[in-house]
file my_file.cif (mmCIF, C-alpha atoms and all ligand atoms)
data_entry
loop_
_atom_site.label_atom_id
_atom_site.label_comp_id
_atom_site.auth_asym_id
_atom_site.auth_seq_id
_atom_site.Cartn_x
_atom_site.Cartn_y
_atom_site.Cartn_z
CA MET A 1 -111.14 -51.85 -19.40
CA PRO A 2 -112.48 -52.66 -15.97
CA PRO A 3 -115.80 -54.45 -15.68
CA SER A 4 -118.58 -52.32 -14.30
CA SER A 5 -121.10 -54.58 -12.62
CA LEU A 6 -121.34 -55.00 -8.89
CA ALA A 7 -121.49 -58.79 -9.21
CA TYR A 8 -118.20 -58.86 -11.04
CA THR A 9 -116.56 -56.43 -8.66
CA GLU A 10 -117.64 -58.43 -5.65
CA ALA A 11 -116.53 -61.72 -7.12
CA PHE A 12 -113.11 -60.47 -8.11
CA ALA A 13 -112.55 -58.64 -4.87
CA LEU A 14 -112.24 -62.08 -3.24
CA ASP A 15 -108.78 -62.50 -1.83
CA ALA A 16 -109.57 -65.67 0.02
CA ASP A 17 -109.24 -69.11 -1.46
CA GLU A 18 -112.98 -69.62 -1.41
CA PRO A 19 -114.25 -70.47 -4.87
CA LEU A 20 -117.40 -68.95 -6.31
CA GLU A 21 -119.79 -71.33 -8.05
CA GLY A 22 -120.41 -70.52 -11.69
CA GLY A 23 -124.14 -71.27 -11.61
CA ASN A 24 -124.82 -68.01 -9.75
CA TYR A 25 -122.67 -65.84 -11.97
CA ALA A 26 -124.09 -63.33 -14.46
CA ALA A 27 -123.11 -64.18 -18.05
CA ARG A 28 -122.51 -60.53 -18.90
CA ASP A 29 -119.65 -60.48 -16.41
CA ILE A 30 -117.64 -63.21 -18.10
CA ARG A 31 -114.33 -61.97 -19.48
CA ASN A 32 -112.89 -65.18 -20.85
CA GLU A 33 -113.25 -64.94 -24.62
CA LEU A 34 -113.86 -68.63 -25.19
CA LEU A 35 -116.73 -68.76 -22.68
CA ARG A 36 -118.12 -65.54 -24.13
CA ALA A 37 -118.13 -67.10 -27.59
CA LEU A 38 -120.43 -69.95 -26.54
CA PRO A 39 -124.19 -70.05 -27.06
CA ARG A 40 -126.07 -69.44 -23.85
CA ASN A 41 -127.03 -73.06 -23.16
CA GLU A 42 -123.45 -74.31 -23.47
CA ARG A 43 -122.04 -71.43 -21.46
CA GLU A 44 -124.52 -72.10 -18.68
CA ARG A 45 -123.66 -75.79 -18.67
CA ALA A 46 -119.97 -74.96 -18.39
CA LEU A 47 -120.49 -72.43 -15.61
CA ALA A 48 -122.70 -74.83 -13.67
CA LEU A 49 -119.68 -77.15 -13.43
CA ALA A 50 -117.18 -74.38 -12.75
CA GLU A 51 -115.91 -72.56 -9.71
CA LEU A 52 -114.12 -69.24 -9.81
CA VAL A 53 -110.77 -69.70 -8.11
CA PRO A 54 -107.91 -67.30 -7.39
CA LEU A 55 -104.67 -67.69 -9.35
CA LYS A 56 -101.55 -66.91 -7.32
CA PRO A 57 -98.13 -66.02 -8.70
CA ARG A 58 -96.00 -69.15 -9.31
CA GLN A 59 -99.00 -71.43 -8.78
CA VAL A 60 -98.60 -74.50 -10.99
CA LEU A 61 -101.79 -75.17 -12.97
CA VAL A 62 -100.33 -78.08 -14.91
CA GLU A 63 -97.30 -80.03 -13.78
CA ALA A 64 -95.13 -81.53 -16.51
CA ASN A 65 -95.86 -85.20 -17.25
CA LEU A 66 -98.58 -85.57 -14.63
CA PHE A 67 -102.23 -86.17 -15.45
CA ILE A 68 -104.16 -82.93 -15.59
CA ARG A 69 -106.79 -82.63 -12.89
CA HIS A 70 -108.59 -79.45 -13.97
CA ALA A 71 -109.31 -77.25 -16.97
CA TYR A 72 -109.05 -73.51 -16.37
CA PHE A 73 -110.72 -70.70 -18.31
CA ILE A 74 -108.69 -67.67 -17.31
CA GLU A 75 -110.63 -64.52 -16.50
CA THR A 76 -107.86 -62.28 -15.23
CA GLY A 77 -104.13 -62.73 -14.77
CA ILE A 78 -101.62 -64.55 -16.94
CA ALA A 79 -100.19 -68.05 -17.01
CA SER A 80 -97.19 -69.19 -19.03
CA VAL A 81 -96.49 -72.46 -20.78
CA LEU A 82 -92.86 -73.14 -19.88
CA ALA A 83 -90.25 -75.20 -21.66
CA SER A 84 -86.61 -75.69 -20.81
CA ALA A 85 -83.48 -76.74 -22.63
CA GLU A 86 -80.68 -77.72 -20.24
CA PRO A 87 -78.74 -75.98 -18.82
CA ARG A 88 -80.93 -72.92 -19.35
CA LYS A 89 -83.79 -72.11 -16.99
CA PRO A 90 -87.36 -72.63 -18.26
CA MET A 91 -88.67 -69.87 -20.48
CA GLU A 92 -92.07 -68.94 -21.80
CA VAL A 93 -93.19 -70.55 -25.04
CA CYS A 94 -96.81 -69.46 -24.78
CA LEU A 95 -98.74 -66.88 -22.80
CA VAL A 96 -102.32 -67.64 -21.69
CA GLY A 97 -104.82 -65.11 -20.39
CA ARG A 98 -108.45 -64.18 -20.91
CA ARG A 99 -108.20 -65.18 -24.57
CA GLY A 100 -107.55 -68.78 -23.62
CA PHE A 101 -107.72 -71.79 -21.39
CA VAL A 102 -105.49 -74.37 -19.76
CA GLY A 103 -106.16 -78.07 -20.29
CA ILE A 104 -105.54 -78.92 -23.95
CA PRO A 105 -104.60 -82.57 -23.17
CA ILE A 106 -108.08 -83.09 -21.66
CA VAL A 107 -109.70 -81.95 -24.91
CA LEU A 108 -107.41 -84.12 -27.01
CA GLY A 109 -107.75 -87.14 -24.71
CA THR A 110 -104.00 -87.35 -24.13
CA GLY A 111 -104.20 -86.57 -20.42
CA ARG A 112 -100.84 -84.93 -19.86
CA SER A 113 -98.03 -82.89 -21.38
CA PRO A 114 -94.30 -82.37 -20.81
CA MET A 115 -94.90 -78.61 -20.46
CA ARG A 116 -95.45 -77.00 -17.08
CA ILE A 117 -98.04 -74.21 -16.92
CA MET A 118 -97.50 -71.66 -14.17
CA VAL A 119 -99.29 -68.48 -13.10
CA GLN A 120 -97.11 -65.42 -13.66
CA ILE A 121 -99.54 -62.62 -12.86
CA LYS A 122 -102.27 -63.18 -10.28
CA GLY A 123 -105.92 -63.25 -11.21
CA HIS A 124 -108.89 -65.61 -11.32
CA ALA A 125 -110.06 -68.51 -13.47
CA TRP A 126 -113.07 -70.76 -13.90
CA ARG A 127 -111.95 -74.24 -12.89
CA ILE A 128 -113.67 -77.43 -14.05
CA PRO A 129 -112.63 -80.97 -13.00
CA ALA A 130 -111.04 -82.91 -15.88
CA ALA A 131 -113.59 -85.76 -16.03
CA GLU A 132 -116.55 -83.38 -16.08
CA PHE A 133 -114.85 -81.16 -18.63
CA GLU A 134 -114.22 -84.12 -20.90
CA THR A 135 -117.93 -85.01 -20.84
CA LEU A 136 -118.88 -81.39 -21.40
CA VAL A 137 -116.65 -81.15 -24.46
CA SER A 138 -118.12 -84.34 -25.90
CA GLU A 139 -121.70 -83.03 -25.49
CA CYS A 140 -121.29 -79.38 -26.52
CA PRO A 141 -120.56 -78.94 -30.25
CA THR A 142 -119.81 -75.22 -30.19
CA LEU A 143 -117.52 -75.55 -27.19
CA ARG A 144 -115.65 -78.23 -29.11
CA LYS A 145 -115.23 -76.01 -32.18
CA VAL A 146 -114.15 -73.04 -30.08
CA LEU A 147 -111.59 -75.15 -28.21
CA TYR A 148 -110.22 -76.67 -31.41
CA ALA A 149 -109.87 -73.19 -32.89
CA HIS A 150 -108.07 -72.10 -29.77
CA ILE A 151 -105.72 -75.08 -29.91
CA GLN A 152 -104.77 -74.11 -33.46
CA GLY A 153 -104.17 -70.56 -32.20
CA ARG A 154 -101.90 -71.90 -29.48
CA LEU A 155 -99.87 -73.89 -32.01
CA ILE A 156 -99.46 -70.74 -34.06
CA GLN A 157 -98.52 -68.69 -31.00
CA GLU A 158 -95.86 -71.20 -29.97
CA ALA A 159 -94.40 -71.34 -33.48
CA LEU A 160 -94.31 -67.55 -33.88
CA LEU A 161 -92.82 -67.01 -30.42
CA ASN A 162 -90.07 -69.50 -31.20
CA VAL A 163 -89.22 -67.56 -34.34
CA CYS A 164 -89.56 -64.28 -32.43
CA ASN A 165 -87.14 -65.42 -29.73
CA ALA A 166 -84.62 -66.51 -32.34
CA CYS A 167 -84.85 -63.59 -34.76
CA HIS A 168 -85.96 -60.38 -33.08
CA THR A 169 -83.97 -58.04 -30.88
CA MET A 170 -84.37 -58.04 -27.11
CA PRO A 171 -86.04 -54.57 -26.99
CA GLU A 172 -88.51 -55.66 -29.70
CA ARG A 173 -89.32 -58.83 -27.76
CA ILE A 174 -89.76 -56.96 -24.47
CA CYS A 175 -92.19 -54.56 -26.16
CA ARG A 176 -93.97 -57.52 -27.76
CA TRP A 177 -94.30 -59.21 -24.35
CA LEU A 178 -95.74 -56.03 -22.82
CA LEU A 179 -98.30 -55.76 -25.63
CA MET A 180 -99.37 -59.38 -25.23
CA ALA A 181 -99.57 -59.08 -21.44
CA ARG A 182 -101.59 -55.85 -21.73
CA ASP A 183 -104.00 -57.50 -24.14
CA ARG A 184 -104.48 -60.58 -21.97
CA MET A 185 -104.78 -58.58 -18.77
CA GLY A 186 -107.30 -56.22 -20.38
CA SER A 187 -105.51 -53.43 -18.52
CA ASP A 188 -102.81 -50.83 -19.12
CA THR A 189 -101.22 -51.81 -15.81
CA ILE A 190 -99.13 -54.96 -15.97
CA PRO A 191 -97.94 -56.18 -12.56
CA ALA A 192 -94.64 -57.58 -13.84
CA THR A 193 -91.18 -57.06 -12.39
CA HIS A 194 -88.01 -56.75 -14.46
CA ASP A 195 -87.01 -60.16 -13.16
CA LEU A 196 -90.26 -61.78 -14.30
CA ILE A 197 -89.96 -60.33 -17.82
CA ALA A 198 -86.32 -61.45 -18.01
CA ARG A 199 -87.20 -65.00 -16.95
CA MET A 200 -90.10 -65.25 -19.38
CA LEU A 201 -88.01 -64.09 -22.32
CA GLY A 202 -84.86 -65.97 -21.32
CA VAL A 203 -82.79 -62.75 -21.27
CA ARG A 204 -80.65 -61.01 -18.67
CA ARG A 205 -82.31 -58.69 -16.20
CA PRO A 206 -80.00 -55.68 -16.84
CA GLY A 207 -81.10 -55.71 -20.48
CA VAL A 208 -84.75 -55.58 -19.41
CA THR A 209 -84.02 -52.75 -16.97
CA ALA A 210 -82.23 -50.76 -19.68
CA THR A 211 -85.04 -51.25 -22.21
CA LEU A 212 -87.80 -50.37 -19.74
CA GLY A 213 -85.82 -47.32 -18.58
CA ASN A 214 -85.52 -46.15 -22.16
CA LEU A 215 -89.26 -46.63 -22.78
CA GLU A 216 -90.04 -44.71 -19.61
CA LYS A 217 -87.75 -41.87 -20.60
CA ARG A 218 -89.70 -41.55 -23.85
CA GLY A 219 -93.03 -41.47 -21.96
CA ILE A 220 -94.24 -44.73 -23.50
CA ILE A 221 -94.48 -46.56 -20.17
CA GLN A 222 -94.30 -45.67 -16.51
CA LEU A 223 -92.66 -47.94 -13.93
CA VAL A 224 -94.52 -48.04 -10.63
CA ARG A 225 -93.57 -50.40 -7.76
CA GLY A 226 -93.26 -53.72 -9.56
CA SER A 227 -95.71 -52.79 -12.33
CA VAL A 228 -95.43 -51.46 -15.84
CA ASN A 229 -98.06 -48.90 -16.77
CA VAL A 230 -98.48 -48.56 -20.53
CA ARG A 231 -99.12 -44.90 -21.30
CA GLN A 232 -98.74 -44.88 -25.08
CA PRO A 233 -99.84 -48.23 -26.53
CA LYS A 234 -99.46 -47.08 -30.15
CA ALA A 235 -95.89 -45.97 -29.52
CA LEU A 236 -95.21 -49.29 -27.79
CA GLU A 237 -96.51 -51.09 -30.88
CA ARG A 238 -94.07 -49.13 -33.03
CA CYS A 239 -91.18 -50.28 -30.80
CA ALA A 240 -92.27 -53.96 -30.90
CA CYS A 241 -91.88 -56.56 -33.59
CA ARG A 242 -95.09 -57.57 -35.40
CA CYS A 243 -95.36 -60.98 -33.71
CA SER A 244 -97.96 -59.99 -31.13
CA HIS A 245 -100.17 -58.50 -33.85
CA ARG A 246 -99.85 -61.61 -36.02
CA ILE A 247 -100.68 -63.94 -33.10
CA ASP A 248 -103.71 -61.96 -31.95
CA ALA A 249 -105.07 -61.48 -35.48
CA GLU A 250 -104.94 -65.24 -36.00
CA TYR A 251 -106.69 -65.95 -32.67
CA GLU A 252 -109.50 -63.60 -33.65
CA ARG A 253 -109.83 -65.08 -37.13
CA LEU A 254 -109.96 -68.63 -35.75
CA LEU A 255 -112.50 -67.83 -33.05
CA LYS A 256 -114.78 -65.95 -35.46
CA SER A 257 -114.54 -68.79 -37.92
CA SER A 258 -115.45 -71.38 -35.25
CA ILE A 259 -118.48 -69.34 -34.16
CA ARG A 260 -119.69 -68.82 -37.74
CA SER A 261 -119.65 -72.57 -38.34
CA SER A 262 -121.53 -73.32 -35.09
CA SER A 263 -125.23 -73.93 -34.51
CA PRO A 264 -127.82 -71.39 -35.74
CA GLY A 265 -128.95 -70.90 -32.13
CA TYR A 266 -125.79 -68.98 -31.30
CA ARG A 267 -126.37 -65.54 -29.76
CA ALA A 268 -123.42 -63.40 -28.83
CA LEU A 269 -123.08 -61.56 -25.57
CA PRO A 270 -123.10 -57.76 -25.77
CA GLY A 271 -119.59 -56.63 -26.62
CA ASP A 272 -118.58 -60.02 -27.98
CA ILE A 273 -116.05 -60.27 -30.74
ZN ZN B 301 -91.12 -60.93 -32.63
#
call {"tool": "encode", "arguments": {"input": "my_file.cif", "output": "structure tokens"}}
result
Amino acid sequence: MPPSSLAYTEAFALDADEPLEGGNYAARDIRNELLRALPRNERERALALAELVPLKPRQVLVEANLFIRHAYFIETGIASVLASAEPRKPMEVCLVGRRGFVGIPIVLGTGRSPMRIMVQIKGHAWRIPAAEFETLVSECPTLRKVLYAHIQGRLIQEALLNVCNACHTMPERICRWLLMARDRMGSDTIPATHDLIARMLGVRRPGVTATLGNLEKRGIIQLVRGSVNVRQPKALERCACRCSHRIDAEYERLLKSSIRSSSPGYRALPGDI
């Protein structure tokens, strides 16, 4: 599902660390679902404060227990909310991509969180300084509703992933992770190594290799140099547990519900949910 416009292509071709200011960015090119859900005036206010920054693998967006300096609306790539229980290594309790944002404690006025949020798959995000974002949220009613709806979605995602990790088989969870990553990337190609998937799911790498090898043998995926290419998404869904479907259905319901209850001036972007 690649974007087609030249402006988007140029912006996302940036490999350098130079940010792009949001005020000059065409609204139709926005991929983040929360920004897309906003009425034009609120979206423009948000973008005027934002800069488009690259996200690099293993970049820490939020450090545990430190005050959060920026909110991020992810356009491409994936970040993980990580939690650890000694002596195990941190594992993923929530996956954030173009459906979401990073910076919940800013919205709630709590400032920080014990969870670290780290980029797993490179991409780009709109970044807004915390103080300016706080003011923006207080002055934009639809943004507030959309963010609250998203926060509820995140709570549900974390709860369902906890149950998933405890109850479903490793192959089911690996397929579930691939479906969620594909959805949040907006692409059939997921640049994830076996090691990354193993770390995120808190499982051993040989198990991931065996499962991916089996899926490849059946033609459901193709493994290409550190990436997983999903060739048969429907077949992958049949191999996964239903957790990804339940999480995404709830996100969509919550976002639609927040938009319906917003101001009458709301006008969706073409292709909006
Ligand atoms: Zn599951």
call {"tool": "residues_near_ligand", "arguments": {"input": "my_file.cif", "ligand": "ligand ZN 301 (chain B)", "cutoff": "10 Å", "atoms": "only C-alpha atoms and all ligand atoms", "output": "PDB file with C-alpha atoms, in the frame of the given file"}}
result
ATOM      1  CA  LEU A 160     -94.310 -67.550 -33.880  1.00  0.00           C
ATOM      2  CA  LEU A 161     -92.820 -67.010 -30.420  1.00  0.00           C
ATOM      3  CA  ASN A 162     -90.070 -69.500 -31.200  1.00  0.00           C
ATOM      4  CA  VAL A 163     -89.220 -67.560 -34.340  1.00  0.00           C
ATOM      5  CA  CYS A 164     -89.560 -64.280 -32.430  1.00  0.00           C
ATOM      6  CA  ASN A 165     -87.140 -65.420 -29.730  1.00  0.00           C
ATOM      7  CA  ALA A 166     -84.620 -66.510 -32.340  1.00  0.00           C
ATOM      8  CA  CYS A 167     -84.850 -63.590 -34.760  1.00  0.00           C
ATOM      9  CA  HIS A 168     -85.960 -60.380 -33.080  1.00  0.00           C
ATOM     10  CA  THR A 169     -83.970 -58.040 -30.880  1.00  0.00           C
ATOM     11  CA  MET A 170     -84.370 -58.040 -27.110  1.00  0.00           C
ATOM     12  CA  PRO A 171     -86.040 -54.570 -26.990  1.00  0.00           C
ATOM     13  CA  GLU A 172     -88.510 -55.660 -29.700  1.00  0.00           C
ATOM     14  CA  ARG A 173     -89.320 -58.830 -27.760  1.00  0.00           C
ATOM     15  CA  ILE A 174     -89.760 -56.960 -24.470  1.00  0.00           C
ATOM     16  CA  CYS A 175     -92.190 -54.560 -26.160  1.00  0.00           C
ATOM     17  CA  ARG A 176     -93.970 -57.520 -27.760  1.00  0.00           C
ATOM     18  CA  TRP A 177     -94.300 -59.210 -24.350  1.00  0.00           C
ATOM     19  CA  ALA A 240     -92.270 -53.960 -30.900  1.00  0.00           C
ATOM     20  CA  CYS A 241     -91.880 -56.560 -33.590  1.00  0.00           C
ATOM     21  CA  ARG A 242     -95.090 -57.570 -35.400  1.00  0.00           C
ATOM     22  CA  CYS A 243     -95.360 -60.980 -33.710  1.00  0.00           C
ATOM     23  CA  SER A 244     -97.960 -59.990 -31.130  1.00  0.00           C
ATOM     24  CA  HIS A 245    -100.170 -58.500 -33.850  1.00  0.00           C
ATOM     25  CA  ARG A 246     -99.850 -61.610 -36.020  1.00  0.00           C
TER      26      ARG A 246
END
call {"tool": "residues_around", "arguments": {"input": "my_file.cif", "residues": "stretch 247-258 of chain A", "least_positions_apart": "6", "cutoff": "12 Å", "atoms": "only C-alpha atoms", "output": "PyMOL selection string"}}
result
chain A and resi 33-38+94-96+99-100+141-161+164+176-177+179-181+183-184+241+266+268+272-273
call {"tool": "atom_distance", "arguments": {"input": "my_file.cif", "atom1": "atom CA of A:His70", "atom2": "atom CA of A:Leu108"}}
result
13.9 Å
call {"tool": "closest_residue", "arguments": {"input": "my_file.cif", "among": "A:His194, A:Arg199, A:Arg127, A:Arg204", "to": "A:Ser227", "atoms": "all atoms listed in the file"}}
result
A:His194
call {"tool": "closest_residue", "arguments": {"input": "my_file.cif", "among": "A:Arg58, A:Arg205, A:His124, A:Arg43", "to": "A:Thr76", "atoms": "only C-alpha atoms"}}
result
A:His124
call {"tool": "closest_residue", "arguments": {"input": "my_file.cif", "among": "A:Ala71, A:Met91, A:Ser187, A:Gly123", "to": "A:Val137", "atoms": "only C-alpha atoms"}}
result
A:Ala71
call {"tool": "closest_residue", "arguments": {"input": "my_file.cif", "among": "A:Ala210, A:Val224, A:Leu55, A:Ala131", "to": "A:Gly109", "atoms": "only C-alpha atoms"}}
result
A:Ala131
call {"tool": "atom_distance", "arguments": {"input": "my_file.cif", "atom1": "atom CA of A:Glu75", "atom2": "atom CA of A:Val119"}}
result
12.5 Å
call {"tool": "residues_around", "arguments": {"input": "my_file.cif", "residues": "A:Glu134", "least_positions_apart": "4", "cutoff": "8 Å", "atoms": "all atoms listed in the file", "output": "PyMOL selection string"}}
result
chain A and resi 106-107+130+138
call {"tool": "residues_around", "arguments": {"input": "my_file.cif", "residues": "A:Ala83", "least_positions_apart": "5", "cutoff": "8 Å", "atoms": "all atoms listed in the file", "output": "list in words"}}
result
Pro90, Met91, Glu92, Val93, Met115 and Arg116 of chain A
call {"tool": "write_last_selection", "arguments": {"input": "my_file.cif", "atoms": "C-alpha atoms", "output": "mmCIF file, in the coordinates of the input"}}
result
data_model
loop_
_atom_site.group_PDB
_atom_site.id
_atom_site.type_symbol
_atom_site.label_atom_id
_atom_site.label_comp_id
_atom_site.auth_asym_id
_atom_site.auth_seq_id
_atom_site.Cartn_x
_atom_site.Cartn_y
_atom_site.Cartn_z
ATOM 1 C CA PRO A 90 -87.360 -72.630 -18.260
ATOM 2 C CA MET A 91 -88.670 -69.870 -20.480
ATOM 3 C CA GLU A 92 -92.070 -68.940 -21.800
ATOM 4 C CA VAL A 93 -93.190 -70.550 -25.040
ATOM 5 C CA MET A 115 -94.900 -78.610 -20.460
ATOM 6 C CA ARG A 116 -95.450 -77.000 -17.080
#
call {"tool": "closest_residue", "arguments": {"input": "my_file.cif", "among": "A:Thr135, A:Ser84, A:Asn229, A:Ser113", "to": "A:Arg45", "atoms": "only C-alpha atoms"}}
result
A:Thr135
call {"tool": "decode", "arguments": {"input": "my_file.cif", "residues": "stretch 122-138 of chain A", "atoms": "N, CA and C atoms", "output": "PDB file, in the first residue's frame"}}
result
ATOM      1  N   LYS A 122      12.588   0.451  11.383  1.00  0.00           N
ATOM      2  CA  LYS A 122      12.820   1.863  11.062  1.00  0.00           C
ATOM      3  C   LYS A 122      11.664   2.471  10.273  1.00  0.00           C
ATOM      4  N   GLY A 123      11.555   3.789  10.395  1.00  0.00           N
ATOM      5  CA  GLY A 123      10.500   4.494   9.687  1.00  0.00           C
ATOM      6  C   GLY A 123      10.595   5.977   9.952  1.00  0.00           C
ATOM      7  N   HIS A 124       9.430   6.636  10.040  1.00  0.00           N
ATOM      8  CA  HIS A 124       9.387   8.068  10.315  1.00  0.00           C
ATOM      9  C   HIS A 124       8.211   8.359  11.242  1.00  0.00           C
ATOM     10  N   ALA A 125       8.306   9.489  11.941  1.00  0.00           N
ATOM     11  CA  ALA A 125       7.197   9.898  12.810  1.00  0.00           C
ATOM     12  C   ALA A 125       7.138  11.420  12.874  1.00  0.00           C
ATOM     13  N   TRP A 126       5.928  11.918  13.128  1.00  0.00           N
ATOM     14  CA  TRP A 126       5.766  13.343  13.423  1.00  0.00           C
ATOM     15  C   TRP A 126       6.068  13.533  14.902  1.00  0.00           C
ATOM     16  N   ARG A 127       7.003  14.434  15.193  1.00  0.00           N
ATOM     17  CA  ARG A 127       7.423  14.639  16.584  1.00  0.00           C
ATOM     18  C   ARG A 127       7.002  16.034  17.040  1.00  0.00           C
ATOM     19  N   ILE A 128       6.392  16.085  18.218  1.00  0.00           N
ATOM     20  CA  ILE A 128       5.933  17.364  18.782  1.00  0.00           C
ATOM     21  C   ILE A 128       6.470  17.474  20.210  1.00  0.00           C
ATOM     22  N   PRO A 129       7.098  18.596  20.578  1.00  0.00           N
ATOM     23  CA  PRO A 129       7.600  18.761  21.949  1.00  0.00           C
ATOM     24  C   PRO A 129       6.476  18.622  22.974  1.00  0.00           C
ATOM     25  N   ALA A 130       6.803  18.033  24.123  1.00  0.00           N
ATOM     26  CA  ALA A 130       5.783  17.680  25.122  1.00  0.00           C
ATOM     27  C   ALA A 130       4.949  18.885  25.564  1.00  0.00           C
ATOM     28  N   ALA A 131       5.590  20.020  25.855  1.00  0.00           N
ATOM     29  CA  ALA A 131       4.842  21.173  26.377  1.00  0.00           C
ATOM     30  C   ALA A 131       3.849  21.687  25.330  1.00  0.00           C
ATOM     31  N   GLU A 132       4.284  21.734  24.090  1.00  0.00           N
ATOM     32  CA  GLU A 132       3.398  22.212  23.019  1.00  0.00           C
ATOM     33  C   GLU A 132       2.277  21.203  22.751  1.00  0.00           C
ATOM     34  N   PHE A 133       2.610  19.942  22.879  1.00  0.00           N
ATOM     35  CA  PHE A 133       1.587  18.910  22.660  1.00  0.00           C
ATOM     36  C   PHE A 133       0.519  18.965  23.752  1.00  0.00           C
ATOM     37  N   GLU A 134       0.957  19.226  24.960  1.00  0.00           N
ATOM     38  CA  GLU A 134       0.015  19.319  26.082  1.00  0.00           C
ATOM     39  C   GLU A 134      -0.988  20.456  25.835  1.00  0.00           C
ATOM     40  N   THR A 135      -0.483  21.597  25.389  1.00  0.00           N
ATOM     41  CA  THR A 135      -1.364  22.733  25.083  1.00  0.00           C
ATOM     42  C   THR A 135      -2.300  22.390  23.932  1.00  0.00           C
ATOM     43  N   LEU A 136      -1.747  21.756  22.920  1.00  0.00           N
ATOM     44  CA  LEU A 136      -2.547  21.365  21.760  1.00  0.00           C
ATOM     45  C   LEU A 136      -3.715  20.467  22.180  1.00  0.00           C
ATOM     46  N   VAL A 137      -3.412  19.494  23.012  1.00  0.00           N
ATOM     47  CA  VAL A 137      -4.455  18.557  23.457  1.00  0.00           C
ATOM     48  C   VAL A 137      -5.531  19.306  24.243  1.00  0.00           C
ATOM     49  N   SER A 138      -5.118  20.275  25.046  1.00  0.00           N
ATOM     50  CA  SER A 138      -6.100  20.997  25.862  1.00  0.00           C
ATOM     51  C   SER A 138      -6.992  21.898  25.003  1.00  0.00           C
TER      52      SER A 138
END
